[in-house]
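Novice: The following block contains the structure, expressed as structure tokens.
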Amino acid sequence: MTTLSVPFSTERLLLRRFTPDDLDDLYAYQGLSEVARYLYRPPLTRERCVRSLARRAAGTAWAEDGDDLVFAVCPVGEAKVVGEVVLKLASARAGQVEIGWIFNPAYGGRGYATEAARAITELAFAELDAHRLFARLDVLNTGSARICERLGMRREAHLVENALDDGRWGSEYVYAMLAREWKADRA
Ligand SMILES: CC(C)(COP(=O)(O)OP(=O)(O)OC[C@H]1O[C@@H](n2cnc3c(N)ncnc32)[C@H](O)[C@@H]1OP(=O)(O)O)[C@@H](O)C(=O)NCCC(=O)NCCS
């Protein structure tokens with residue numbers, strides 16, 4: 001079984017588990033339509049955020065397909081949650097791990113999402129034995145594409161009109177990186 005050292009810090013951020021006390025901060029960004037725009041679902045209601053926090057506090061397993069680890073991201077020295085990063089075990093057998101991020105736009109453009117994503121990329125490869133890390137994102141989500149590229153991921157697929165969102169056909173990019181590519185990149 002993998003034991004993670006949580007919370008952990010980066011240069012400017014603390015990554016920790018969510019708690020029920022984070023409701024206001026979570027709803028402040030998950031409730032915005034501009035945040036949900038490329039997530040293929042509506043913004044979360046406050047009630048959905050309550051349920052999501054309960055699930056996040058309970059879910060720390062990392063063994064079976066579908067297990068996920070969601071981290072609240074707080075600037076060091078501030079109690080405030082400014083966003084979240086997530087790792088999801090897409091295939092335990094094949095070491096396939098999906099990475100994702102959602103941030104409060106009030107804290108955008110400071111590199112926080114990239115810094116937190118870089119930290120969990122390291123977690124995925126160095127501690128969780130990921131073989132391949134991938135991200136799926138709407139082709140219009142240029143901020144996310146830039147994060148993938150800063151992490152050193154390759155754009156390896158362009159899925160055309162594979163999703164339907166509120167009457168709009170969505171197309172997605174898949175970005176990915178293998179463990180050996182991550183190691184070579186760091187060397
Ligand atoms: C995707 C998302 C996280 C991107 O946010 P972001 O603010 O662009 O990302 P970062 O926090 O990493 O900030 C990066 C920017 O900060 C800038 N920056 C400013 N100060 C910086 C610093 N000290 N260090 C690093 N970067 C800094 C970078 O140059 C970069 O700018 P650029 O994108 O114009 O090149 C955000 O738009 C979001 O949460 N969207 C809604 C949810 C979503 O779509 N999630 C993804 C689903 S696949």
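Following the order of the structure tokens, first chain is A, next is B, and so on, with residues numbered from 1 inside each chain and ligands from 1 in the order they appear.
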Can you list every residue of chain A that has an atom at most 9 Å from ligand 1, with its nearest atom pair and the distance in Å to one decimal, using only C-alpha atoms and all ligand atoms, ordered by chain then number, as CSV?
Specialist:
```
residue,atom,partner,partner_atom_place_in_ligand_line,distance
A:Tyr29,CA,ligand 1,39 (O),8.4
A:Gln30,CA,ligand 1,42 (C),8.6
A:Glu34,CA,ligand 1,41 (C),6.9
A:Val35,CA,ligand 1,41 (C),4.0
A:Ala36,CA,ligand 1,42 (C),6.1
A:Arg37,CA,ligand 1,44 (O),6.7
A:Tyr38,CA,ligand 1,44 (O),5.1
A:Leu39,CA,ligand 1,47 (C),5.7
A:Gly83,CA,ligand 1,39 (O),7.3
A:Glu84,CA,ligand 1,39 (O),8.5
A:Val85,CA,ligand 1,3 (C),9.0
A:Ile99,CA,ligand 1,48 (S),8.5
A:Gly100,CA,ligand 1,48 (S),5.9
A:Trp101,CA,ligand 1,45 (N),5.1
A:Ile102,CA,ligand 1,39 (O),3.7
A:Phe103,CA,ligand 1,39 (O),3.6
A:Asn104,CA,ligand 1,39 (O),6.1
A:Pro105,CA,ligand 1,36 (C),6.4
A:Ala106,CA,ligand 1,7 (O),8.8
A:Tyr107,CA,ligand 1,7 (O),6.8
A:Gly108,CA,ligand 1,7 (O),3.3
A:Gly109,CA,ligand 1,16 (O),3.4
A:Arg110,CA,ligand 1,19 (C),3.6
A:Gly111,CA,ligand 1,26 (N),3.3
A:Tyr112,CA,ligand 1,11 (O),4.0
A:Ala113,CA,ligand 1,11 (O),3.8
A:Thr114,CA,ligand 1,12 (O),3.7
A:Glu115,CA,ligand 1,12 (O),6.5
A:Ala116,CA,ligand 1,12 (O),8.2
A:Ala117,CA,ligand 1,12 (O),8.2
A:Ala135,CA,ligand 1,48 (S),6.8
A:Arg136,CA,ligand 1,48 (S),5.7
A:Leu137,CA,ligand 1,48 (S),4.1
A:Asp138,CA,ligand 1,48 (S),6.6
A:Asn141,CA,ligand 1,44 (O),6.3
A:Thr142,CA,ligand 1,1 (C),7.7
A:Gly143,CA,ligand 1,8 (O),4.4
A:Ser144,CA,ligand 1,1 (C),4.1
A:Ala145,CA,ligand 1,1 (C),7.9
A:Arg146,CA,ligand 1,33 (O),6.1
A:Ile147,CA,ligand 1,12 (O),6.0
A:Arg150,CA,ligand 1,12 (O),8.8
```
Novice: DSSP on the backbone: which residues in range 28-172 of chain A end up as strand (DSSP E)? Give the answer as a PDB file with N, CA, C and O atoms, in the first residue's frame.
Specialist:
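Result file follows (part_4.pdb):
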```
ATOM      1  N   ASP A  68      -9.401   8.221  -6.724  1.00  0.00           N
ATOM      2  CA  ASP A  68      -8.744   9.492  -7.017  1.00  0.00           C
ATOM      3  C   ASP A  68      -8.228  10.153  -5.741  1.00  0.00           C
ATOM      4  O   ASP A  68      -8.653   9.823  -4.641  1.00  0.00           O
ATOM      5  N   LEU A  69      -7.271  11.032  -5.939  1.00  0.00           N
ATOM      6  CA  LEU A  69      -6.691  11.820  -4.848  1.00  0.00           C
ATOM      7  C   LEU A  69      -6.873  13.277  -5.233  1.00  0.00           C
ATOM      8  O   LEU A  69      -6.336  13.720  -6.258  1.00  0.00           O
ATOM      9  N   VAL A  70      -7.657  13.995  -4.431  1.00  0.00           N
ATOM     10  CA  VAL A  70      -7.908  15.404  -4.733  1.00  0.00           C
ATOM     11  C   VAL A  70      -7.207  16.251  -3.672  1.00  0.00           C
ATOM     12  O   VAL A  70      -7.370  16.000  -2.471  1.00  0.00           O
ATOM     13  N   PHE A  71      -6.434  17.225  -4.093  1.00  0.00           N
ATOM     14  CA  PHE A  71      -5.695  18.073  -3.163  1.00  0.00           C
ATOM     15  C   PHE A  71      -6.202  19.509  -3.238  1.00  0.00           C
ATOM     16  O   PHE A  71      -6.319  20.077  -4.332  1.00  0.00           O
ATOM     17  N   ALA A  72      -6.465  20.070  -2.060  1.00  0.00           N
ATOM     18  CA  ALA A  72      -6.775  21.493  -1.962  1.00  0.00           C
ATOM     19  C   ALA A  72      -5.451  22.247  -2.046  1.00  0.00           C
ATOM     20  O   ALA A  72      -4.454  21.826  -1.450  1.00  0.00           O
ATOM     21  N   VAL A  73      -5.448  23.344  -2.786  1.00  0.00           N
ATOM     22  CA  VAL A  73      -4.217  24.122  -2.960  1.00  0.00           C
ATOM     23  C   VAL A  73      -4.366  25.470  -2.246  1.00  0.00           C
ATOM     24  O   VAL A  73      -5.305  26.226  -2.529  1.00  0.00           O
ATOM     25  N   CYS A  74      -3.450  25.746  -1.318  1.00  0.00           N
ATOM     26  CA  CYS A  74      -3.488  26.999  -0.542  1.00  0.00           C
ATOM     27  C   CYS A  74      -2.133  27.693  -0.666  1.00  0.00           C
ATOM     28  O   CYS A  74      -1.100  27.045  -0.487  1.00  0.00           O
ATOM     29  N   PRO A  75      -2.121  29.001  -0.931  1.00  0.00           N
ATOM     30  CA  PRO A  75      -0.843  29.715  -0.872  1.00  0.00           C
ATOM     31  C   PRO A  75      -0.262  29.564   0.537  1.00  0.00           C
ATOM     32  O   PRO A  75      -1.007  29.631   1.521  1.00  0.00           O
ATOM     33  N   GLY A  83      -7.721  26.577  -5.258  1.00  0.00           N
ATOM     34  CA  GLY A  83      -7.977  25.656  -6.358  1.00  0.00           C
ATOM     35  C   GLY A  83      -7.709  24.232  -5.919  1.00  0.00           C
ATOM     36  O   GLY A  83      -7.481  23.957  -4.734  1.00  0.00           O
ATOM     37  N   GLU A  84      -7.751  23.350  -6.905  1.00  0.00           N
ATOM     38  CA  GLU A  84      -7.559  21.936  -6.587  1.00  0.00           C
ATOM     39  C   GLU A  84      -6.832  21.248  -7.732  1.00  0.00           C
ATOM     40  O   GLU A  84      -6.945  21.658  -8.895  1.00  0.00           O
ATOM     41  N   VAL A  85      -6.086  20.213  -7.371  1.00  0.00           N
ATOM     42  CA  VAL A  85      -5.473  19.351  -8.383  1.00  0.00           C
ATOM     43  C   VAL A  85      -5.852  17.917  -8.041  1.00  0.00           C
ATOM     44  O   VAL A  85      -6.061  17.580  -6.868  1.00  0.00           O
ATOM     45  N   VAL A  86      -5.939  17.090  -9.072  1.00  0.00           N
ATOM     46  CA  VAL A  86      -6.425  15.731  -8.852  1.00  0.00           C
ATOM     47  C   VAL A  86      -5.630  14.728  -9.677  1.00  0.00           C
ATOM     48  O   VAL A  86      -5.190  15.026 -10.789  1.00  0.00           O
ATOM     49  N   LEU A  87      -5.424  13.561  -9.068  1.00  0.00           N
ATOM     50  CA  LEU A  87      -4.891  12.408  -9.790  1.00  0.00           C
ATOM     51  C   LEU A  87      -5.956  11.334  -9.747  1.00  0.00           C
ATOM     52  O   LEU A  87      -6.534  11.078  -8.678  1.00  0.00           O
ATOM     53  N   LYS A  88      -6.207  10.704 -10.889  1.00  0.00           N
ATOM     54  CA  LYS A  88      -7.217   9.652 -10.929  1.00  0.00           C
ATOM     55  C   LYS A  88      -6.596   8.394 -11.528  1.00  0.00           C
ATOM     56  O   LYS A  88      -5.940   8.466 -12.571  1.00  0.00           O
ATOM     57  N   LEU A  89      -6.811   7.284 -10.854  1.00  0.00           N
ATOM     58  CA  LEU A  89      -6.246   6.014 -11.309  1.00  0.00           C
ATOM     59  C   LEU A  89      -7.157   5.445 -12.411  1.00  0.00           C
ATOM     60  O   LEU A  89      -8.203   4.870 -12.135  1.00  0.00           O
ATOM     61  N   ALA A  90      -6.739   5.642 -13.658  1.00  0.00           N
ATOM     62  CA  ALA A  90      -7.566   5.180 -14.775  1.00  0.00           C
ATOM     63  C   ALA A  90      -7.398   3.679 -14.981  1.00  0.00           C
ATOM     64  O   ALA A  90      -8.341   2.987 -15.338  1.00  0.00           O
ATOM     65  N   SER A  91      -6.198   3.176 -14.794  1.00  0.00           N
ATOM     66  CA  SER A  91      -5.964   1.726 -14.863  1.00  0.00           C
ATOM     67  C   SER A  91      -4.856   1.374 -13.885  1.00  0.00           C
ATOM     68  O   SER A  91      -3.705   1.763 -14.080  1.00  0.00           O
ATOM     69  N   GLN A  96      -1.939   3.737 -15.511  1.00  0.00           N
ATOM     70  CA  GLN A  96      -2.429   4.903 -16.253  1.00  0.00           C
ATOM     71  C   GLN A  96      -3.100   5.870 -15.277  1.00  0.00           C
ATOM     72  O   GLN A  96      -4.059   5.498 -14.576  1.00  0.00           O
ATOM     73  N   VAL A  97      -2.597   7.089 -15.221  1.00  0.00           N
ATOM     74  CA  VAL A  97      -3.085   8.068 -14.239  1.00  0.00           C
ATOM     75  C   VAL A  97      -3.479   9.352 -14.960  1.00  0.00           C
ATOM     76  O   VAL A  97      -2.701   9.898 -15.745  1.00  0.00           O
ATOM     77  N   GLU A  98      -4.689   9.825 -14.667  1.00  0.00           N
ATOM     78  CA  GLU A  98      -5.156  11.081 -15.268  1.00  0.00           C
ATOM     79  C   GLU A  98      -4.906  12.222 -14.284  1.00  0.00           C
ATOM     80  O   GLU A  98      -5.123  12.068 -13.077  1.00  0.00           O
ATOM     81  N   ILE A  99      -4.462  13.340 -14.805  1.00  0.00           N
ATOM     82  CA  ILE A  99      -4.209  14.527 -13.969  1.00  0.00           C
ATOM     83  C   ILE A  99      -5.217  15.613 -14.350  1.00  0.00           C
ATOM     84  O   ILE A  99      -5.619  15.708 -15.514  1.00  0.00           O
ATOM     85  N   GLY A 100      -5.616  16.417 -13.349  1.00  0.00           N
ATOM     86  CA  GLY A 100      -6.536  17.515 -13.639  1.00  0.00           C
ATOM     87  C   GLY A 100      -6.347  18.662 -12.654  1.00  0.00           C
ATOM     88  O   GLY A 100      -5.666  18.509 -11.627  1.00  0.00           O
ATOM     89  N   TRP A 101      -6.935  19.808 -12.979  1.00  0.00           N
ATOM     90  CA  TRP A 101      -6.784  21.013 -12.156  1.00  0.00           C
ATOM     91  C   TRP A 101      -7.979  21.930 -12.351  1.00  0.00           C
ATOM     92  O   TRP A 101      -8.545  22.018 -13.443  1.00  0.00           O
ATOM     93  N   ILE A 102      -8.393  22.578 -11.292  1.00  0.00           N
ATOM     94  CA  ILE A 102      -9.467  23.584 -11.365  1.00  0.00           C
ATOM     95  C   ILE A 102      -9.091  24.679 -10.365  1.00  0.00           C
ATOM     96  O   ILE A 102      -8.863  24.390  -9.182  1.00  0.00           O
ATOM     97  N   PHE A 103      -9.004  25.925 -10.852  1.00  0.00           N
ATOM     98  CA  PHE A 103      -8.583  27.018  -9.969  1.00  0.00           C
ATOM     99  C   PHE A 103      -9.573  28.170  -9.984  1.00  0.00           C
ATOM    100  O   PHE A 103     -10.299  28.387 -10.959  1.00  0.00           O
ATOM    101  N   ARG A 132       2.147   6.052 -17.091  1.00  0.00           N
ATOM    102  CA  ARG A 132       1.780   7.108 -18.047  1.00  0.00           C
ATOM    103  C   ARG A 132       0.806   8.053 -17.379  1.00  0.00           C
ATOM    104  O   ARG A 132      -0.168   7.616 -16.750  1.00  0.00           O
ATOM    105  N   LEU A 133       1.099   9.349 -17.501  1.00  0.00           N
ATOM    106  CA  LEU A 133       0.231  10.391 -16.939  1.00  0.00           C
ATOM    107  C   LEU A 133      -0.425  11.106 -18.116  1.00  0.00           C
ATOM    108  O   LEU A 133       0.268  11.485 -19.068  1.00  0.00           O
ATOM    109  N   PHE A 134      -1.731  11.284 -18.066  1.00  0.00           N
ATOM    110  CA  PHE A 134      -2.386  11.947 -19.194  1.00  0.00           C
ATOM    111  C   PHE A 134      -3.413  12.965 -18.721  1.00  0.00           C
ATOM    112  O   PHE A 134      -3.880  12.922 -17.580  1.00  0.00           O
ATOM    113  N   ALA A 135      -3.723  13.897 -19.615  1.00  0.00           N
ATOM    114  CA  ALA A 135      -4.752  14.907 -19.348  1.00  0.00           C
ATOM    115  C   ALA A 135      -5.631  14.996 -20.584  1.00  0.00           C
ATOM    116  O   ALA A 135      -5.145  14.888 -21.711  1.00  0.00           O
ATOM    117  N   ARG A 136      -6.929  15.177 -20.355  1.00  0.00           N
ATOM    118  CA  ARG A 136      -7.882  15.394 -21.457  1.00  0.00           C
ATOM    119  C   ARG A 136      -8.443  16.776 -21.295  1.00  0.00           C
ATOM    120  O   ARG A 136      -8.851  17.149 -20.199  1.00  0.00           O
ATOM    121  N   LEU A 137      -8.456  17.543 -22.355  1.00  0.00           N
ATOM    122  CA  LEU A 137      -8.963  18.900 -22.233  1.00  0.00           C
ATOM    123  C   LEU A 137      -9.606  19.373 -23.522  1.00  0.00           C
ATOM    124  O   LEU A 137      -9.217  18.943 -24.608  1.00  0.00           O
ATOM    125  N   ASP A 138     -10.594  20.219 -23.364  1.00  0.00           N
ATOM    126  CA  ASP A 138     -11.256  20.800 -24.528  1.00  0.00           C
ATOM    127  C   ASP A 138     -10.221  21.584 -25.338  1.00  0.00           C
ATOM    128  O   ASP A 138      -9.363  22.260 -24.769  1.00  0.00           O
ATOM    129  N   ARG A 154       3.327  15.556 -24.014  1.00  0.00           N
ATOM    130  CA  ARG A 154       3.151  15.571 -25.475  1.00  0.00           C
ATOM    131  C   ARG A 154       1.669  15.640 -25.815  1.00  0.00           C
ATOM    132  O   ARG A 154       0.872  14.980 -25.166  1.00  0.00           O
ATOM    133  N   ARG A 155       1.326  16.398 -26.861  1.00  0.00           N
ATOM    134  CA  ARG A 155      -0.061  16.323 -27.348  1.00  0.00           C
ATOM    135  C   ARG A 155      -0.135  15.083 -28.223  1.00  0.00           C
ATOM    136  O   ARG A 155       0.485  15.031 -29.279  1.00  0.00           O
ATOM    137  N   GLU A 156      -0.838  14.054 -27.759  1.00  0.00           N
ATOM    138  CA  GLU A 156      -0.786  12.799 -28.501  1.00  0.00           C
ATOM    139  C   GLU A 156      -2.104  12.430 -29.172  1.00  0.00           C
ATOM    140  O   GLU A 156      -2.148  11.459 -29.913  1.00  0.00           O
ATOM    141  N   ALA A 157      -3.162  13.175 -28.939  1.00  0.00           N
ATOM    142  CA  ALA A 157      -4.407  12.868 -29.650  1.00  0.00           C
ATOM    143  C   ALA A 157      -5.271  14.113 -29.767  1.00  0.00           C
ATOM    144  O   ALA A 157      -5.218  15.004 -28.918  1.00  0.00           O
ATOM    145  N   HIS A 158      -6.038  14.155 -30.830  1.00  0.00           N
ATOM    146  CA  HIS A 158      -7.032  15.209 -31.044  1.00  0.00           C
ATOM    147  C   HIS A 158      -8.341  14.490 -31.365  1.00  0.00           C
ATOM    148  O   HIS A 158      -8.491  13.923 -32.446  1.00  0.00           O
ATOM    149  N   LEU A 159      -9.236  14.451 -30.397  1.00  0.00           N
ATOM    150  CA  LEU A 159     -10.514  13.768 -30.572  1.00  0.00           C
ATOM    151  C   LEU A 159     -11.510  14.797 -31.099  1.00  0.00           C
ATOM    152  O   LEU A 159     -11.675  15.869 -30.498  1.00  0.00           O
ATOM    153  N   VAL A 160     -12.125  14.499 -32.200  1.00  0.00           N
ATOM    154  CA  VAL A 160     -12.966  15.503 -32.873  1.00  0.00           C
ATOM    155  C   VAL A 160     -14.450  15.248 -32.592  1.00  0.00           C
ATOM    156  O   VAL A 160     -14.981  14.173 -32.885  1.00  0.00           O
ATOM    157  N   GLU A 161     -15.080  16.269 -31.993  1.00  0.00           N
ATOM    158  CA  GLU A 161     -16.513  16.216 -31.653  1.00  0.00           C
ATOM    159  C   GLU A 161     -16.865  14.911 -30.951  1.00  0.00           C
ATOM    160  O   GLU A 161     -17.832  14.233 -31.301  1.00  0.00           O
ATOM    161  N   ASN A 162     -16.099  14.609 -29.897  1.00  0.00           N
ATOM    162  CA  ASN A 162     -16.330  13.378 -29.128  1.00  0.00           C
ATOM    163  C   ASN A 162     -17.188  13.647 -27.899  1.00  0.00           C
ATOM    164  O   ASN A 162     -17.452  12.742 -27.117  1.00  0.00           O
ATOM    165  N   ALA A 163     -17.589  14.907 -27.690  1.00  0.00           N
ATOM    166  CA  ALA A 163     -18.383  15.227 -26.501  1.00  0.00           C
ATOM    167  C   ALA A 163     -19.452  16.247 -26.880  1.00  0.00           C
ATOM    168  O   ALA A 163     -19.273  17.035 -27.819  1.00  0.00           O
ATOM    169  N   LEU A 164     -20.558  16.201 -26.130  1.00  0.00           N
ATOM    170  CA  LEU A 164     -21.646  17.143 -26.386  1.00  0.00           C
ATOM    171  C   LEU A 164     -21.899  17.894 -25.092  1.00  0.00           C
ATOM    172  O   LEU A 164     -22.096  17.284 -24.039  1.00  0.00           O
ATOM    173  N   ASP A 165     -21.854  19.228 -25.175  1.00  0.00           N
ATOM    174  CA  ASP A 165     -21.998  20.026 -23.965  1.00  0.00           C
ATOM    175  C   ASP A 165     -23.018  21.122 -24.231  1.00  0.00           C
ATOM    176  O   ASP A 165     -22.723  22.080 -24.937  1.00  0.00           O
ATOM    177  N   ARG A 168     -23.376  22.112 -27.710  1.00  0.00           N
ATOM    178  CA  ARG A 168     -22.134  22.395 -28.453  1.00  0.00           C
ATOM    179  C   ARG A 168     -21.315  21.111 -28.552  1.00  0.00           C
ATOM    180  O   ARG A 168     -21.100  20.420 -27.555  1.00  0.00           O
ATOM    181  N   TRP A 169     -20.865  20.776 -29.775  1.00  0.00           N
ATOM    182  CA  TRP A 169     -19.958  19.652 -29.918  1.00  0.00           C
ATOM    183  C   TRP A 169     -18.603  20.061 -29.371  1.00  0.00           C
ATOM    184  O   TRP A 169     -18.090  21.118 -29.735  1.00  0.00           O
ATOM    185  N   GLY A 170     -18.069  19.223 -28.502  1.00  0.00           N
ATOM    186  CA  GLY A 170     -16.751  19.519 -27.946  1.00  0.00           C
ATOM    187  C   GLY A 170     -15.705  18.600 -28.551  1.00  0.00           C
ATOM    188  O   GLY A 170     -15.968  17.423 -28.802  1.00  0.00           O
ATOM    189  N   SER A 171     -14.530  19.149 -28.808  1.00  0.00           N
ATOM    190  CA  SER A 171     -13.397  18.340 -29.264  1.00  0.00           C
ATOM    191  C   SER A 171     -12.320  18.419 -28.197  1.00  0.00           C
ATOM    192  O   SER A 171     -12.178  19.447 -27.532  1.00  0.00           O
ATOM    193  N   GLU A 172     -11.567  17.346 -28.047  1.00  0.00           N
ATOM    194  CA  GLU A 172     -10.589  17.299 -26.955  1.00  0.00           C
ATOM    195  C   GLU A 172      -9.187  16.960 -27.462  1.00  0.00           C
ATOM    196  O   GLU A 172      -9.030  16.216 -28.427  1.00  0.00           O
TER     197      GLU A 172
END
```
Novice: Leaving out Asp24 in chain A and any residue of its chain fewer than 6 positions from it, which residues lie within 12 Å of it when counting only C-alpha atoms, given as a PyMOL selection string?
Specialist: chain A and resi 18+30-31+45-47+49-50+53+79-82+104
Novice: Write out the residues from the selection above, keeping C-alpha atoms, as a PDB file, in the first residue's frame.
Specialist:
```pdb
ATOM      1  CA  PHE A  18     -10.045  19.109   1.708  1.00  0.00           C
ATOM      2  CA  GLN A  30     -16.821  25.545  -8.488  1.00  0.00           C
ATOM      3  CA  GLY A  31     -20.027  27.596  -8.591  1.00  0.00           C
ATOM      4  CA  THR A  45     -24.457  24.133  -6.570  1.00  0.00           C
ATOM      5  CA  ARG A  46     -23.526  24.820  -2.945  1.00  0.00           C
ATOM      6  CA  GLU A  47     -25.317  21.570  -2.029  1.00  0.00           C
ATOM      7  CA  CYS A  49     -20.096  21.182  -3.040  1.00  0.00           C
ATOM      8  CA  VAL A  50     -21.155  19.935   0.418  1.00  0.00           C
ATOM      9  CA  LEU A  53     -16.387  17.713   0.260  1.00  0.00           C
ATOM     10  CA  ALA A  79      -5.797  29.377   5.066  1.00  0.00           C
ATOM     11  CA  LYS A  80      -7.615  30.017   1.778  1.00  0.00           C
ATOM     12  CA  VAL A  81      -8.146  27.292  -0.849  1.00  0.00           C
ATOM     13  CA  VAL A  82      -7.494  28.800  -4.294  1.00  0.00           C
ATOM     14  CA  ASN A 104     -10.388  30.129  -8.787  1.00  0.00           C
TER      15      ASN A 104
END
```
Novice: What does the distance between CA of Ala119 in chain A and CA of Val6 in chain A come to in Å, to one decimal place?
Specialist: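 According to the coordinates, CA of Ala119 in chain A and CA of Val6 in chain A are separated by 12.0 Å.
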Novice: Rank A:Arg48, A:Arg56, A:His131, A:Arg12 by their smallest atom-to-atom distance to Lys183 in chain A, using only C-alpha atoms, and report the top residue only.
Specialist: A:His131
